>>> print(open('run_13.txt').read())   # compact mmCIF, C-alpha atoms and all ligand atoms
# COMPACT_ATOMS: atom_id res chain seq x y z
CA MET A 1 7.78 -28.07 22.08
CA GLN A 2 5.81 -31.35 22.10
CA GLU A 3 2.87 -29.66 20.36
CA ALA A 4 5.28 -28.22 17.79
CA ILE A 5 6.60 -31.70 16.97
CA GLU A 6 3.08 -33.05 16.54
CA SER A 7 1.97 -30.21 14.31
CA MET A 8 5.13 -30.49 12.15
CA VAL A 9 4.54 -34.25 11.80
CA GLY A 10 0.95 -33.48 10.78
CA GLU A 11 2.25 -31.57 7.74
CA TYR A 12 3.74 -34.81 6.40
CA PHE A 13 0.69 -37.02 7.14
CA GLY A 14 0.87 -40.07 4.85
CA LYS A 15 4.38 -39.18 3.60
CA TYR A 16 7.83 -40.16 4.80
CA LEU A 17 9.02 -37.88 7.59
CA PRO A 18 12.43 -36.22 7.46
CA GLU A 19 14.66 -38.35 9.71
CA SER A 20 15.29 -35.68 12.37
CA LEU A 21 11.55 -35.10 12.78
CA ALA A 22 10.84 -38.85 12.87
CA ARG A 23 13.40 -39.21 15.69
CA ALA A 24 11.79 -36.42 17.71
CA ALA A 25 8.28 -37.85 17.12
CA ILE A 26 9.22 -41.40 18.21
CA VAL A 27 10.86 -40.09 21.40
CA GLU A 28 7.76 -38.00 22.15
CA VAL A 29 5.37 -40.92 21.57
CA GLY A 30 7.64 -43.04 23.81
CA ARG A 31 7.22 -40.48 26.59
CA ARG A 32 3.44 -40.47 26.18
CA THR A 33 3.30 -44.28 26.11
CA PHE A 34 5.25 -44.42 29.39
CA ALA A 35 3.28 -41.56 30.99
CA ARG A 36 -0.05 -43.25 30.19
CA GLY A 37 1.09 -46.47 31.87
CA PHE A 38 0.80 -48.41 28.63
CA VAL A 39 4.09 -50.23 29.33
CA ALA A 40 6.13 -51.51 32.26
CA ALA A 41 9.93 -51.56 32.49
CA ASN A 42 11.41 -51.85 29.00
CA ASP A 43 8.26 -53.17 27.32
CA GLY A 44 6.80 -51.91 24.08
CA ASN A 45 8.31 -50.59 20.88
CA ILE A 46 7.66 -47.87 18.33
CA SER A 47 8.82 -47.51 14.74
CA ALA A 48 8.37 -45.27 11.71
CA ARG A 49 8.98 -45.96 8.05
CA ILE A 50 11.01 -43.02 6.75
CA GLY A 51 11.92 -44.34 3.28
CA ASP A 52 11.09 -47.17 0.86
CA ASP A 53 13.59 -49.39 2.66
CA ILE A 54 14.38 -47.48 5.87
CA ILE A 55 12.74 -48.02 9.27
CA LEU A 56 13.58 -46.07 12.40
CA ALA A 57 12.85 -48.07 15.58
CA THR A 58 13.25 -47.91 19.33
CA PRO A 59 16.20 -49.91 20.69
CA THR A 60 15.90 -52.98 22.84
CA GLY A 61 16.26 -52.79 26.61
CA ARG A 62 15.28 -49.15 27.16
CA SER A 63 12.27 -47.64 28.91
CA LYS A 64 10.08 -45.91 26.36
CA GLY A 65 9.84 -42.90 28.68
CA PHE A 66 13.54 -42.06 28.54
CA ILE A 67 14.88 -42.79 25.05
CA ARG A 68 17.22 -40.30 23.42
CA GLU A 69 16.89 -39.47 19.72
CA ASP A 70 20.46 -40.69 19.03
CA GLU A 71 19.64 -44.11 20.52
CA LEU A 72 17.09 -45.02 17.83
CA VAL A 73 18.11 -47.70 15.37
CA LYS A 74 17.89 -47.46 11.61
CA ILE A 75 17.27 -50.74 9.78
CA ASN A 76 16.04 -51.91 6.39
CA LEU A 77 13.01 -54.08 5.63
CA ALA A 78 15.24 -57.17 5.67
CA GLY A 79 16.01 -56.36 9.33
CA GLU A 80 19.66 -55.40 8.69
CA LYS A 81 20.97 -52.61 10.89
CA LEU A 82 21.97 -49.52 8.93
CA GLU A 83 22.85 -47.20 11.80
CA GLY A 84 22.64 -46.80 15.58
CA PRO A 85 24.58 -47.71 18.71
CA LEU A 86 22.08 -50.26 20.08
CA ARG A 87 20.22 -53.31 18.82
CA PRO A 88 16.67 -52.75 17.52
CA SER A 89 13.67 -53.82 19.60
CA SER A 90 13.25 -57.57 19.99
CA GLU A 91 9.78 -57.22 18.38
CA ILE A 92 11.20 -55.72 15.19
CA LEU A 93 10.17 -58.82 13.18
CA MET A 94 6.53 -57.98 13.92
CA HIS A 95 7.03 -54.39 12.74
CA LEU A 96 8.78 -55.50 9.53
CA ALA A 97 6.08 -58.07 8.75
CA ILE A 98 3.38 -55.39 9.10
CA TYR A 99 5.28 -52.89 6.89
CA LYS A 100 5.68 -55.57 4.22
CA THR A 101 1.97 -56.47 4.36
CA ARG A 102 0.67 -52.89 4.55
CA PRO A 103 2.59 -50.42 2.34
CA ASP A 104 0.19 -47.68 3.50
CA VAL A 105 1.38 -48.02 7.12
CA LEU A 106 4.09 -45.53 8.08
CA ALA A 107 4.23 -46.09 11.84
CA ILE A 108 3.65 -48.85 14.40
CA ASP A 109 3.10 -48.72 18.16
CA HIS A 110 3.25 -51.83 20.33
CA ALA A 111 2.42 -51.63 24.05
CA HIS A 112 0.78 -53.55 26.90
CA PRO A 113 -2.02 -51.25 28.13
CA PRO A 114 -3.49 -53.13 31.10
CA ILE A 115 -7.21 -53.13 30.31
CA CYS A 116 -7.09 -54.08 26.62
CA THR A 117 -4.32 -56.58 27.45
CA GLY A 118 -6.76 -58.01 30.02
CA PHE A 119 -9.25 -58.59 27.18
CA ALA A 120 -6.44 -60.21 25.14
CA VAL A 121 -5.58 -62.46 28.08
CA ALA A 122 -9.24 -63.38 28.61
CA GLY A 123 -9.53 -64.22 24.89
CA ILE A 124 -12.26 -61.61 24.36
CA PRO A 125 -11.81 -59.56 21.16
CA LEU A 126 -13.12 -55.99 21.04
CA ASP A 127 -15.33 -56.79 18.09
CA LYS A 128 -18.79 -55.67 19.09
CA CYS A 129 -20.40 -52.55 17.65
CA VAL A 130 -20.71 -50.61 20.87
CA LEU A 131 -19.26 -47.13 20.45
CA ALA A 132 -20.12 -45.07 17.39
CA GLU A 133 -16.67 -43.47 17.24
CA VAL A 134 -14.90 -46.82 17.36
CA VAL A 135 -17.21 -48.20 14.66
CA MET A 136 -16.40 -45.14 12.54
CA THR A 137 -12.64 -45.21 13.01
CA LEU A 138 -11.41 -48.69 13.85
CA GLY A 139 -14.13 -51.23 13.24
CA VAL A 140 -13.05 -54.49 14.80
CA ILE A 141 -10.06 -55.13 17.08
CA PRO A 142 -9.44 -58.87 16.75
CA ILE A 143 -7.00 -61.05 18.68
CA ALA A 144 -3.98 -62.56 16.95
CA GLU A 145 -3.40 -66.08 18.20
CA PHE A 146 -0.64 -66.59 20.74
CA ALA A 147 2.95 -67.02 19.65
CA PRO A 148 6.06 -66.35 21.74
CA PRO A 149 7.30 -62.73 21.63
CA SER A 150 10.04 -61.85 19.10
CA THR A 151 9.31 -64.84 16.82
CA ASP A 152 8.47 -65.08 13.11
CA GLU A 153 5.36 -66.94 14.18
CA LEU A 154 4.06 -63.91 16.13
CA ALA A 155 5.08 -61.53 13.33
CA GLU A 156 3.10 -63.57 10.79
CA ALA A 157 0.03 -63.95 13.04
CA VAL A 158 -0.15 -60.19 13.66
CA ALA A 159 0.57 -59.17 10.06
CA ALA A 160 -2.20 -61.52 8.85
CA LYS A 161 -4.74 -59.84 11.15
CA MET A 162 -3.45 -56.37 10.27
CA LYS A 163 -4.45 -56.88 6.60
CA ASP A 164 -7.98 -55.79 7.52
CA CYS A 165 -7.52 -53.74 10.68
CA ASN A 166 -5.49 -50.91 12.18
CA ALA A 167 -5.41 -52.37 15.67
CA VAL A 168 -4.90 -55.93 16.90
CA LEU A 169 -4.77 -57.50 20.36
CA LEU A 170 -2.06 -60.12 20.92
CA ALA A 171 -3.28 -63.15 22.87
CA ASN A 172 -1.70 -63.26 26.36
CA HIS A 173 0.55 -60.33 25.50
CA GLY A 174 -0.63 -56.79 24.52
CA ALA A 175 -1.74 -54.70 21.56
CA VAL A 176 -0.40 -53.28 18.29
CA SER A 177 -1.67 -50.26 16.38
CA VAL A 178 -0.63 -48.72 13.07
CA GLY A 179 -1.00 -45.33 11.43
CA LYS A 180 0.17 -42.97 8.75
CA ASP A 181 2.41 -41.34 11.35
CA VAL A 182 3.57 -42.18 14.89
CA PHE A 183 1.00 -39.92 16.54
CA GLU A 184 -1.86 -41.56 14.65
CA ALA A 185 -0.57 -45.01 15.68
CA HIS A 186 -0.34 -43.81 19.31
CA TYR A 187 -3.82 -42.28 19.28
CA THR A 188 -5.19 -45.57 18.00
CA MET A 189 -3.50 -47.28 20.97
CA GLU A 190 -5.20 -44.75 23.28
CA ARG A 191 -8.52 -45.46 21.56
CA ILE A 192 -8.18 -49.24 22.04
CA GLU A 193 -7.43 -48.83 25.74
CA HIS A 194 -10.27 -46.34 26.21
CA PHE A 195 -12.71 -48.68 24.42
CA ALA A 196 -11.52 -51.58 26.61
CA ASN A 197 -12.06 -49.48 29.76
CA ILE A 198 -15.60 -48.61 28.72
CA SER A 199 -16.36 -52.20 27.71
CA LEU A 200 -15.12 -53.46 31.07
CA VAL A 201 -17.27 -50.98 33.00
CA ALA A 202 -20.30 -51.84 30.84
CA ARG A 203 -19.73 -55.53 31.57
CA LEU A 204 -19.50 -54.81 35.30
CA LEU A 205 -22.82 -53.00 35.00
CA GLY A 206 -24.53 -55.91 33.30
CA GLY A 207 -23.31 -55.91 29.70
CA GLU A 208 -23.01 -53.68 26.66
CA LYS A 209 -26.12 -52.75 24.70
CA LEU A 210 -25.03 -53.27 21.12
CA LEU A 211 -25.71 -50.84 18.32
CA THR A 212 -28.32 -52.17 15.92
CA ALA A 213 -27.94 -52.67 12.17
CA ASN A 214 -30.11 -49.60 11.74
CA ASP A 215 -27.78 -47.56 14.01
CA ILE A 216 -24.79 -48.66 11.93
CA GLU A 217 -26.58 -47.68 8.73
CA ARG A 218 -27.29 -44.23 10.18
CA ILE A 219 -23.65 -43.84 11.27
CA SER A 220 -22.51 -44.87 7.75
CA GLU A 221 -24.89 -42.35 6.22
CA VAL A 222 -23.45 -39.49 8.31
CA GLN A 223 -19.94 -40.63 7.39
CA ARG A 224 -20.82 -40.78 3.68
CA GLU A 225 -22.31 -37.29 3.81
CA ALA A 226 -19.13 -36.01 5.48
CA GLY A 227 -17.07 -37.66 2.74
CA ALA A 228 -15.38 -40.00 5.25
CA LYS A 229 -14.90 -43.71 4.77
CA MET A 230 -16.00 -46.34 7.26
CA PRO A 231 -13.53 -49.11 8.13
CA THR A 232 -13.79 -51.85 5.54
CA VAL A 233 -14.81 -54.56 7.97
CA ALA A 234 -18.40 -55.59 7.41
CA CYS A 235 -20.81 -55.90 10.30
CA LYS A 236 -22.49 -59.18 11.18
CA ILE A 237 -26.09 -58.81 12.10
CA GLY A 238 -27.44 -61.06 14.85
CA PRO A 239 -30.94 -62.58 14.89
CA ASP A 240 -32.08 -59.77 17.21
CA GLY A 241 -30.84 -57.08 14.81
CA SER A 242 -27.74 -56.24 16.87
CA ALA A 243 -24.50 -55.64 14.99
CA SER A 244 -21.01 -56.93 15.61
CA CYS A 245 -17.98 -56.60 13.39
CA GLY A 246 -17.53 -59.34 10.83
CA LEU A 247 -13.96 -60.16 11.73
CA GLY A 248 -12.61 -61.23 15.04
CA SER A 249 -15.15 -63.34 16.84
CA ASP A 250 -14.00 -66.41 14.98
CA SER A 251 -10.41 -65.20 15.02
CA ALA A 252 -9.99 -64.94 18.76
CA SER A 253 -8.32 -67.56 20.83
CA PRO A 254 -11.33 -68.20 23.00
CA GLN A 255 -9.54 -70.03 25.79
CA GLY A 256 -11.12 -69.29 29.13
CA SER A 257 -13.71 -66.91 27.75
CA SER A 258 -17.33 -67.34 28.52
CA ALA A 259 -18.36 -64.12 26.82
CA SER A 260 -21.63 -64.55 25.02
CA ILE A 261 -24.24 -62.45 23.38
CA THR A 262 -27.54 -62.47 25.23
CA GLY A 263 -30.33 -60.58 23.58
CA SER A 264 -28.80 -57.28 22.58
CA SER A 265 -26.18 -57.16 25.29
CA VAL A 266 -22.89 -58.91 25.90
CA LYS A 267 -22.15 -60.69 29.13
CA GLY A 268 -18.64 -61.65 30.12
CA ASP A 269 -17.28 -63.63 33.05
CA VAL A 270 -17.32 -60.67 35.37
CA SER A 271 -20.26 -60.54 37.74
CA GLY A 272 -20.99 -57.85 40.34
CA GLU A 273 -20.53 -60.41 43.11
CA LEU A 274 -17.15 -61.44 41.76
CA VAL A 275 -15.99 -57.82 41.66
CA ALA A 276 -17.20 -57.23 45.23
CA GLU A 277 -15.37 -60.39 46.30
CA VAL A 278 -12.13 -59.30 44.63
CA LEU A 279 -12.36 -55.79 46.11
CA ALA A 280 -12.97 -57.24 49.58
CA ALA A 281 -9.96 -59.54 49.18
CA ILE A 282 -7.78 -56.59 48.12
CA LYS A 283 -8.95 -54.58 51.15
CA ARG A 284 -8.15 -57.51 53.47
CA GLU A 285 -4.72 -57.85 51.86
CA PHE A 286 -3.91 -54.18 52.37
CA ALA A 287 -5.34 -54.12 55.90
CA GLU A 288 -2.70 -56.66 56.88
CA ILE A 289 0.24 -54.56 55.63
ZN ZN A 301 5.16 -56.82 23.94
>>> encode(input="run_13.txt", output="structure tokens")
Amino acid sequence: MQEAIESMVGEYFGKYLPESLARAAIVEVGRRTFARGFVAANDGNISARIGDDIILATPTGRSKGFIREDELVKINLAGEKLEGPLRPSSEILMHLAIYKTRPDVLAIDHAHPPICTGFAVAGIPLDKCVLAEVVMTLGVIPIAEFAPPSTDELAEAVAAKMKDCNAVLLANHGAVSVGKDVFEAHYTMERIEHFANISLVARLLGGEKLLTANDIERISEVQREAGAKMPTVACKIGPDGSASCGLGSDSASPQGSSASITGSSVKGDVSGELVAEVLAAIKREFAEI
């Protein structure tokens, strides 16, 4: 059933979905978001644009794992409710601001996956050219500066970053991804979290080895030959020939971050000794229970 929904949605890629299919797709992505542990309690929100001036969004105050199709809220781009028994998500302003800035975006996923949110909390953007597939699909994942949830200020900060990217970390909060349908937006969220996991492990092991400008050129060449486009964000080349994405490093809120590029690898705050210390403390804690 779930596979059937995804394949039906795929037929409309880049076009407005029929409302009944959009409802089923949002509910399914909600289940996946919950099952992957990308949200706690009632956190997170998902929406789809199903007409020039019609957005279908998750309601406020409900776990994303257990939403019913008839609980979704229909609103217009001005934020006025058109239909639905509940109020729309409290983060709807952020969704509307992104839809207004990016007419090509047809779906938005907002969640708090723990590892990429950890990077957002540490003020470390995922903006280094480390994984070929991320370079090819997402480019940079910058951090939008902190603003309180549900405010115009947050909506504007995220929409401004989303002009050039399909995924943005929210300082001290979580992540937002966009797509041409809800599954694409969700898969981008999975990709951000996966990238953050790998980056964290690499940092624990001594730091990421960055792709070089030459590596990026070779990746671009393969993409060009396959007729695919690279993300539009240009790479910055360091004095040692290593590449990092052109956006993001100056756009992060760097509070508390001591991440720095050393040679062709990135070192963060996390040292092996610190990890061992934390693990030992956790063991002590649990031994006492
Ligand atoms: Zn949130």
>>> residues_around(input="run_13.txt", residues="range 76-83 of chain A", least_positions_apart="5", cutoff="8 Å", atoms="all atoms listed in the file", output="PyMOL selection string")
chain A and resi 53-55+88+92-93+96+99-100
>>> residues_around(input="run_13.txt", residues="His110 in chain A", least_positions_apart="3", cutoff="10 Å", atoms="all atoms listed in the file", output="ChimeraX atom specification")
/A:33,38-39,43-47,91,94-95,113,167-170,174-178,185-186,189
>>> residues_around(input="run_13.txt", residues="Gly118 in chain A", least_positions_apart="4", cutoff="12 Å", atoms="only C-alpha atoms", output="PyMOL selection string")
chain A and resi 112-114+122-126+143+169-175+192-193+196-197+199-200+257
>>> atom_distance(input="run_13.txt", atom1="CA of Pro59 in chain A", atom2="CA of Val121 in chain A")
26.2 Å
>>> atom_distance(input="run_13.txt", atom1="CA of Ile198 in chain A", atom2="CA of Glu225 in chain A")
28.2 Å
>>> closest_residue(input="run_13.txt", among="A:Met8, A:Ala57, A:Ile26, A:Ala111", to="ligand ZN 301 (chain A)", atoms="all atoms listed in the file")
A:Ala111
>>> closest_residue(input="run_13.txt", among="A:Val29, A:Ala41, A:Ala97, A:Leu131", to="Leu210 in chain A", atoms="all atoms listed in the file")
A:Leu131
>>> atom_distance(input="run_13.txt", atom1="CA of Ile108 in chain A", atom2="CA of Gly37 in chain A")
17.8 Å
>>> residues_near_point(input="run_13.txt", point="(10.9, -33.8, 20.8)", cutoff="7 Å", atoms="only C-alpha atoms", output="PDB file with C-alpha atoms, keeping the file's coordinate frame")
ATOM      1  CA  MET A   1       7.780 -28.070  22.080  1.00  0.00           C
ATOM      2  CA  GLN A   2       5.810 -31.350  22.100  1.00  0.00           C
ATOM      3  CA  ILE A   5       6.600 -31.700  16.970  1.00  0.00           C
ATOM      4  CA  ALA A  24      11.790 -36.420  17.710  1.00  0.00           C
ATOM      5  CA  ALA A  25       8.280 -37.850  17.120  1.00  0.00           C
ATOM      6  CA  VAL A  27      10.860 -40.090  21.400  1.00  0.00           C
ATOM      7  CA  GLU A  28       7.760 -38.000  22.150  1.00  0.00           C
TER       8      GLU A  28
END
>>> closest_residue(input="run_13.txt", among="A:Ser89, A:Ala213, A:Cys165, A:Leu106", to="ligand ZN 301 (chain A)", atoms="all atoms listed in the file")
A:Ser89
>>> closest_residue(input="run_13.txt", among="A:Ala22, A:Leu72, A:Ala40, A:Ala159", to="ligand ZN 301 (chain A)", atoms="all atoms listed in the file")
A:Ala40
>>> residues_around(input="run_13.txt", residues="Gln223 in chain A", least_positions_apart="6", cutoff="12 Å", atoms="only C-alpha atoms", output="tab-separated table (two decimals) with C-alpha atoms, in the coordinates of the input")
chain	number	residue	atom	x	y	z
A	132	ALA	CA	-20.12	-45.07	17.39
A	133	GLU	CA	-16.67	-43.47	17.24
A	135	VAL	CA	-17.21	-48.20	14.66
A	136	MET	CA	-16.40	-45.14	12.54
A	137	THR	CA	-12.64	-45.21	13.01
A	216	ILE	CA	-24.79	-48.66	11.93
A	217	GLU	CA	-26.58	-47.68	8.73
A	229	LYS	CA	-14.90	-43.71	4.77
A	230	MET	CA	-16.00	-46.34	7.26
A	231	PRO	CA	-13.53	-49.11	8.13
>>> closest_residue(input="run_13.txt", among="A:Val105, A:Val73, A:Leu154, A:Ile67", to="ligand ZN 301 (chain A)", atoms="only C-alpha atoms and all ligand atoms")
A:Leu154
>>> closest_residue(input="run_13.txt", among="A:Ser20, A:Glu3, A:Asp164, A:Arg36", to="Asp70 in chain A", atoms="only C-alpha atoms")
A:Ser20
>>> decode(input="run_13.txt", residues="range 212-226 of chain A", atoms="C-alpha atoms", output="mmCIF file, in the first residue's frame")
data_model
loop_
_atom_site.group_PDB
_atom_site.id
_atom_site.type_symbol
_atom_site.label_atom_id
_atom_site.label_comp_id
_atom_site.auth_asym_id
_atom_site.auth_seq_id
_atom_site.Cartn_x
_atom_site.Cartn_y
_atom_site.Cartn_z
ATOM 1 C CA THR A 212 39.659 18.307 -3.767
ATOM 2 C CA ALA A 213 38.785 20.803 -6.487
ATOM 3 C CA ASN A 214 39.927 18.199 -8.979
ATOM 4 C CA ASP A 215 37.567 15.594 -7.435
ATOM 5 C CA ILE A 216 34.675 18.056 -7.739
ATOM 6 C CA GLU A 217 35.542 18.727 -11.365
ATOM 7 C CA ARG A 218 35.533 14.988 -12.078
ATOM 8 C CA ILE A 219 32.166 14.576 -10.314
ATOM 9 C CA SER A 220 30.763 17.500 -12.360
ATOM 10 C CA GLU A 221 32.060 15.913 -15.545
ATOM 11 C CA VAL A 222 30.285 12.609 -14.813
ATOM 12 C CA GLN A 223 27.107 14.546 -13.991
ATOM 13 C CA ARG A 224 27.342 16.561 -17.218
ATOM 14 C CA GLU A 225 27.821 13.391 -19.259
ATOM 15 C CA ALA A 226 24.754 11.867 -17.589
#
